[in-house]
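This report refers to the structure that appears directly beneath it.
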There are 2 protein chains.
Amino acid sequence: MCELLGMSANVPTDICFSFTGLVQRGGATGPHKDGWGIVFYEQGGVREFKDYLPSSESAIAGFLRDYPIKSRIVVSHIRQANVGRIGLENTHPFQRELWGRPWTYAHNGQLDNAGRLECDRFQPVGTTDSERAFCWLLSEMQRHFDDAPSQQAWANFVCERCVELNRMGVFNLLLSDGDALLTFCSTKLAWITRRAPFGTAHLSDEDMSVDFSAVTTEKDIVTVIATRPLTDNETWHIMQPGECRLFVDGESPWVRQTPAVVHKSTD
Amino acid sequence: MCELLGMSANVPTDICFSFTGLVQRGGATGPHKDGWGIVFYEQGGVREFKDYLPSSESAIAGFLRDYPIKSRIVVSHIRQANVGRIGLENTHPFQRELWGRPWTYAHNGQLDNAGRLECDRFQPVGTTDSERAFCWLLSEMQRHFDDAPSQQAWANFVCERCVELNRMGVFNLLLSDGDALLTFCSTKLAWITRRAPFGTAHLSDEDMSVDFSAVTTEKDIVTVIATRPLTDNETWHIMQPGECRLFVDGESPWVRQTPAVVHKSTD
């Protein structure tokens with residue numbers, strides 16, 4: 001299907017190490033070769049990089065592996081197409097502005113009958129069920145809230161809508177407004193928080209290690225979220241089906257367990 | 001102030017040559033060192049690259065100079081900040097979705113009292129007068145048209161709104177919905193259309209030439225729009241103050257002259 005990668009940190013942190021592991025799964029160690037994208041929130045702004053080429057072969061991905069962009073929130077995705085042709089308009093993450101905030105969304109899974117999701121204010125540009133679900137989530141938020149809600153209010157609201165989407169198919173989610181990163185686990189999502197004392201991590205998908213104690217300070221808190229653990233010498237938290245978890249500044253201040261849904265296929 | 005660069009072509013064409021000239025003006029041959037951005041429309045999709053670093057020093061701009069992305073419409077901007085801090089949220093081009101289309105906008109100039117422009121559906125993320133004018137233009141379109149209008153209908157509508165903005169200050173514009181590129185000249189904008197028989201062009205800002213006959217076919221039509229001509233051995237069309245011109249597939253099927261406004265400063 002696809003793979004997700006997210007980061008939440010309390011200080012601007014680069015994601016080169018994790019991204020290096022992820023891009024290998026885009027055509028080299030994994031089949032997710034139908035494009036990739038990454039969004040970095042930096043201070044008040046945001047920028048994204050996208051390609052329809054496999055991440056393991058993309059020159060832009062190659063550039064980013066070696067170019068440390070320091071960010072507090074990252075949302076990334078490598079795609080194995082099911083609905084929608086291979087092309088930039090169908091490449092995650094997707095972005096829209098709501099209440100003057102740049103929202104970013106990436107989805108792993110597949111939804112049945114996504115066409116019935118009513119999008120008014122936000123319309124898909126491409127043809128994926130994923131982007132339609134994003135437009136629906138934002139349209140729902142905009143219909144429900146008159147003004148920008150509190151973090152916990154929108155997290156709770158989106159969590160309830162995720163329950164509906166989860167009934168329509170596999171719906172693993174990363175969603176951010178630039179301040180918080182919301183995750184929803186339909187079938188597969190894992191996370192790890194790194195903080196002092198930092199150790200050395202080794203990638204599963206490439207023979208590469210990093211000694212985080214050499215590149216961090218004692219106060220740094222960095223959480224990485226991924227479809228499958230990216231390292232093979234650390235213990236990741238495996239999220240439960242139906243689990244919705246919010247990350248802010250590397251910490252997880254809010255979690256809610258919703259009913260698990262059994263899906264036929266998760267890959 | 002800033003400099004604009006746009007392209008409209010009837011076949012996917014790379015803009016490496018013109019971009020190479022433009023980025024030199026971002027800190028080397030020109031003072032526009034407060035960030036830069038470029039948006040490429042490719043088939044049904046779009047991607048953008050942005051940096052808050054001077055384009056002449058930016059590693060990402062350096063990468064793009066040598067990485068030919070083939071596109072039919074390009075919108076680019078290098079910034080010399082006046083309103084709004086240096087940061088990604090204030091870096092052009094700006095993008096929003098309307099009617100399922102990804103609109104891209106870049107502005108050269110400065111508007112007085114932009115705060116009075118009423119934005120409802122689209123809200124600025126950053127603090128520039130430019131982004132506010134963009135949000136206003138789209139909000140106006142959305143208020144006026146029930147559904148996606150024809151190309152000429154939206155061009156005409158936006159042209160009339162540009163007249164209002166032009167009274168508020170310098171407003172040189174590039175705006176695209178992915179099919180057409182609309183330009184409005186408040187003070188400074190120039191364009192050139194290259195078609196067979198193609199010749200050799202030489203950049204003004206760097207000692208670099210390209211023989212277009214070696215990289216094109218006889219059917220190619222490529223128009224480049226820039227704040228100031230980018231080459232020193234070709235004849236560019238200098239737009240008149242108040243001139244609004246639409247480009248589609250490299251051709252200019254629509255132009256309208258609106259009243260010129262005398263502005264105190266144009267640089």
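Residue numbering restarts at 1 in every chain; chains get A, B, ... in the order shown in the structure tokens, and ligands count up from 1 in that same order.
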Sort by chain and increasing residue number a table of all residues of chain B within 9 Å of chain A, each with its closest pair of atoms and their distance in Å to one decimal, counting only C-alpha atoms, and write it as JSON lines.
```
{"residue": "B:Glu42", "atom": "CA", "partner": "A:Leu88", "partner_atom": "CA", "distance": 7.4}
{"residue": "B:Gln43", "atom": "CA", "partner": "A:Gly87", "partner_atom": "CA", "distance": 7.8}
{"residue": "B:Gly44", "atom": "CA", "partner": "A:Glu89", "partner_atom": "CA", "distance": 5.8}
{"residue": "B:Gly45", "atom": "CA", "partner": "A:Glu89", "partner_atom": "CA", "distance": 3.9}
{"residue": "B:Val46", "atom": "CA", "partner": "A:Leu88", "partner_atom": "CA", "distance": 6.1}
{"residue": "B:Arg47", "atom": "CA", "partner": "A:Lys50", "partner_atom": "CA", "distance": 6.4}
{"residue": "B:Glu48", "atom": "CA", "partner": "A:Glu48", "partner_atom": "CA", "distance": 7.0}
{"residue": "B:Phe49", "atom": "CA", "partner": "A:Phe49", "partner_atom": "CA", "distance": 6.8}
{"residue": "B:Lys50", "atom": "CA", "partner": "A:Arg47", "partner_atom": "CA", "distance": 6.4}
{"residue": "B:Asp51", "atom": "CA", "partner": "A:Arg47", "partner_atom": "CA", "distance": 8.2}
{"residue": "B:Ala59", "atom": "CA", "partner": "A:Tyr67", "partner_atom": "CA", "distance": 8.5}
{"residue": "B:Ile60", "atom": "CA", "partner": "A:Phe63", "partner_atom": "CA", "distance": 8.5}
{"residue": "B:Phe63", "atom": "CA", "partner": "A:Phe63", "partner_atom": "CA", "distance": 8.0}
{"residue": "B:Tyr67", "atom": "CA", "partner": "A:Ala59", "partner_atom": "CA", "distance": 8.5}
{"residue": "B:Gly87", "atom": "CA", "partner": "A:Gly45", "partner_atom": "CA", "distance": 6.6}
{"residue": "B:Leu88", "atom": "CA", "partner": "A:Gly45", "partner_atom": "CA", "distance": 4.6}
{"residue": "B:Glu89", "atom": "CA", "partner": "A:Gly45", "partner_atom": "CA", "distance": 3.9}
{"residue": "B:Asn90", "atom": "CA", "partner": "A:Gly45", "partner_atom": "CA", "distance": 7.6}
{"residue": "B:Thr91", "atom": "CA", "partner": "A:Gly45", "partner_atom": "CA", "distance": 8.7}
{"residue": "B:Gln95", "atom": "CA", "partner": "A:Arg96", "partner_atom": "CA", "distance": 8.9}
{"residue": "B:Arg96", "atom": "CA", "partner": "A:Arg96", "partner_atom": "CA", "distance": 7.0}
{"residue": "B:Glu97", "atom": "CA", "partner": "A:Arg96", "partner_atom": "CA", "distance": 7.2}
{"residue": "B:Leu98", "atom": "CA", "partner": "A:Gln123", "partner_atom": "CA", "distance": 7.3}
{"residue": "B:Trp99", "atom": "CA", "partner": "A:Gln123", "partner_atom": "CA", "distance": 6.2}
{"residue": "B:Gly100", "atom": "CA", "partner": "A:Val125", "partner_atom": "CA", "distance": 4.6}
{"residue": "B:Arg101", "atom": "CA", "partner": "A:Val125", "partner_atom": "CA", "distance": 5.7}
{"residue": "B:Pro102", "atom": "CA", "partner": "A:Val125", "partner_atom": "CA", "distance": 6.9}
{"residue": "B:Arg121", "atom": "CA", "partner": "A:Arg121", "partner_atom": "CA", "distance": 8.4}
{"residue": "B:Phe122", "atom": "CA", "partner": "A:Glu97", "partner_atom": "CA", "distance": 7.5}
{"residue": "B:Gln123", "atom": "CA", "partner": "A:Gly100", "partner_atom": "CA", "distance": 4.7}
{"residue": "B:Pro124", "atom": "CA", "partner": "A:Gly100", "partner_atom": "CA", "distance": 5.2}
{"residue": "B:Val125", "atom": "CA", "partner": "A:Gly100", "partner_atom": "CA", "distance": 4.6}
{"residue": "B:Gly126", "atom": "CA", "partner": "A:Gly44", "partner_atom": "CA", "distance": 7.3}
```
Item to check | Neighbour list for Arg195 (chain A) as a list in words, cut-off 12 Å, only C-alpha atoms, skip fewer than 3 positions in-chain | outcome: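 So, after excluding close chain neighbours, the residues are Ala9, Asn10, Val11, Ile192, Phe198, Gly199, Thr200, Phe212, Ser213, Val215, Thr216, Thr217, Glu218, Lys219, Asp220, Ile221, Val222, Thr223, Val224, Asp249, Gly250 and Glu251 of chain A.
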Write out, as a short mmCIF file (atom, residue, chain, number, x, y, z; two decimals), in the first residue's frame, the residues just selected, with C-alpha atoms.
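So out_21.cif came out as:
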```cif
data_model
loop_
_atom_site.label_atom_id
_atom_site.label_comp_id
_atom_site.auth_asym_id
_atom_site.auth_seq_id
_atom_site.Cartn_x
_atom_site.Cartn_y
_atom_site.Cartn_z
CA ALA A 9 10.07 17.47 18.24
CA ASN A 10 10.52 20.21 20.82
CA VAL A 11 13.47 21.71 18.94
CA ILE A 192 9.40 5.99 19.33
CA PHE A 198 20.44 9.33 23.82
CA GLY A 199 21.91 6.19 22.29
CA THR A 200 22.85 4.87 18.90
CA PHE A 212 22.04 10.72 18.66
CA SER A 213 24.01 11.80 21.75
CA VAL A 215 23.82 15.59 17.61
CA THR A 216 21.39 16.52 20.40
CA THR A 217 21.24 18.42 23.67
CA GLU A 218 19.92 17.06 26.97
CA LYS A 219 16.63 18.88 26.53
CA ASP A 220 15.75 17.50 23.10
CA ILE A 221 12.66 15.33 22.77
CA VAL A 222 12.09 13.82 19.35
CA THR A 223 9.30 11.42 18.40
CA VAL A 224 9.32 9.55 15.11
CA ASP A 249 6.72 19.05 20.92
CA GLY A 250 7.79 15.41 20.89
CA GLU A 251 5.45 14.47 23.74
#
```
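Within 7 Å of region 254-258 of chain B, once only C-alpha atoms are used and residues closer than 5 positions along the same chain are dropped, the contacting residues are Val163, Gly242, Glu243, Cys244, Arg245 and Leu246 of chain B.
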Checklist entry - Quick one, how far is CA of Val262 (chain A) from CA of Gly27 (chain A)? => result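 Distance reported for this atom pair: 28.6 Å.
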Which residues are near Asp232 (chain A)? Cut-off 7 Å, only C-alpha atoms, ignore same chain within fewer than 4 positions. Put them as an mmCIF file with N, CA, C and O atoms, in the first residue's frame.
```
data_model
loop_
_atom_site.group_PDB
_atom_site.id
_atom_site.type_symbol
_atom_site.label_atom_id
_atom_site.label_comp_id
_atom_site.auth_asym_id
_atom_site.auth_seq_id
_atom_site.Cartn_x
_atom_site.Cartn_y
_atom_site.Cartn_z
ATOM 1 N N HIS A 202 20.235 2.105 14.665
ATOM 2 C CA HIS A 202 20.674 1.481 13.411
ATOM 3 C C HIS A 202 19.469 1.209 12.528
ATOM 4 O O HIS A 202 18.480 0.614 12.964
ATOM 5 N N LEU A 203 19.530 1.651 11.280
ATOM 6 C CA LEU A 203 18.405 1.478 10.356
ATOM 7 C C LEU A 203 18.174 0.012 10.013
ATOM 8 O O LEU A 203 19.119 -0.767 9.896
ATOM 9 N N SER A 204 16.900 -0.326 9.807
ATOM 10 C CA SER A 204 16.557 -1.675 9.347
ATOM 11 C C SER A 204 16.822 -1.838 7.856
ATOM 12 O O SER A 204 17.104 -2.948 7.390
#
```
Checklist entry - Got a sec: who's within 10 Å of Trp36 (chain B), counting only C-alpha atoms, leaving out chain neighbours fewer than 4 positions off, as a PyMOL selection string? => result chain B and resi 2-4+22-23+26+32+49-56+58+61+76-80+88+90-93
Item to check | Backbone DSSP call of helix (DSSP H, G or I) for region 61-200 of chain A, listed as a ChimeraX atom specification | outcome: /A:61-65,88-90,114-116,129-144,151-168
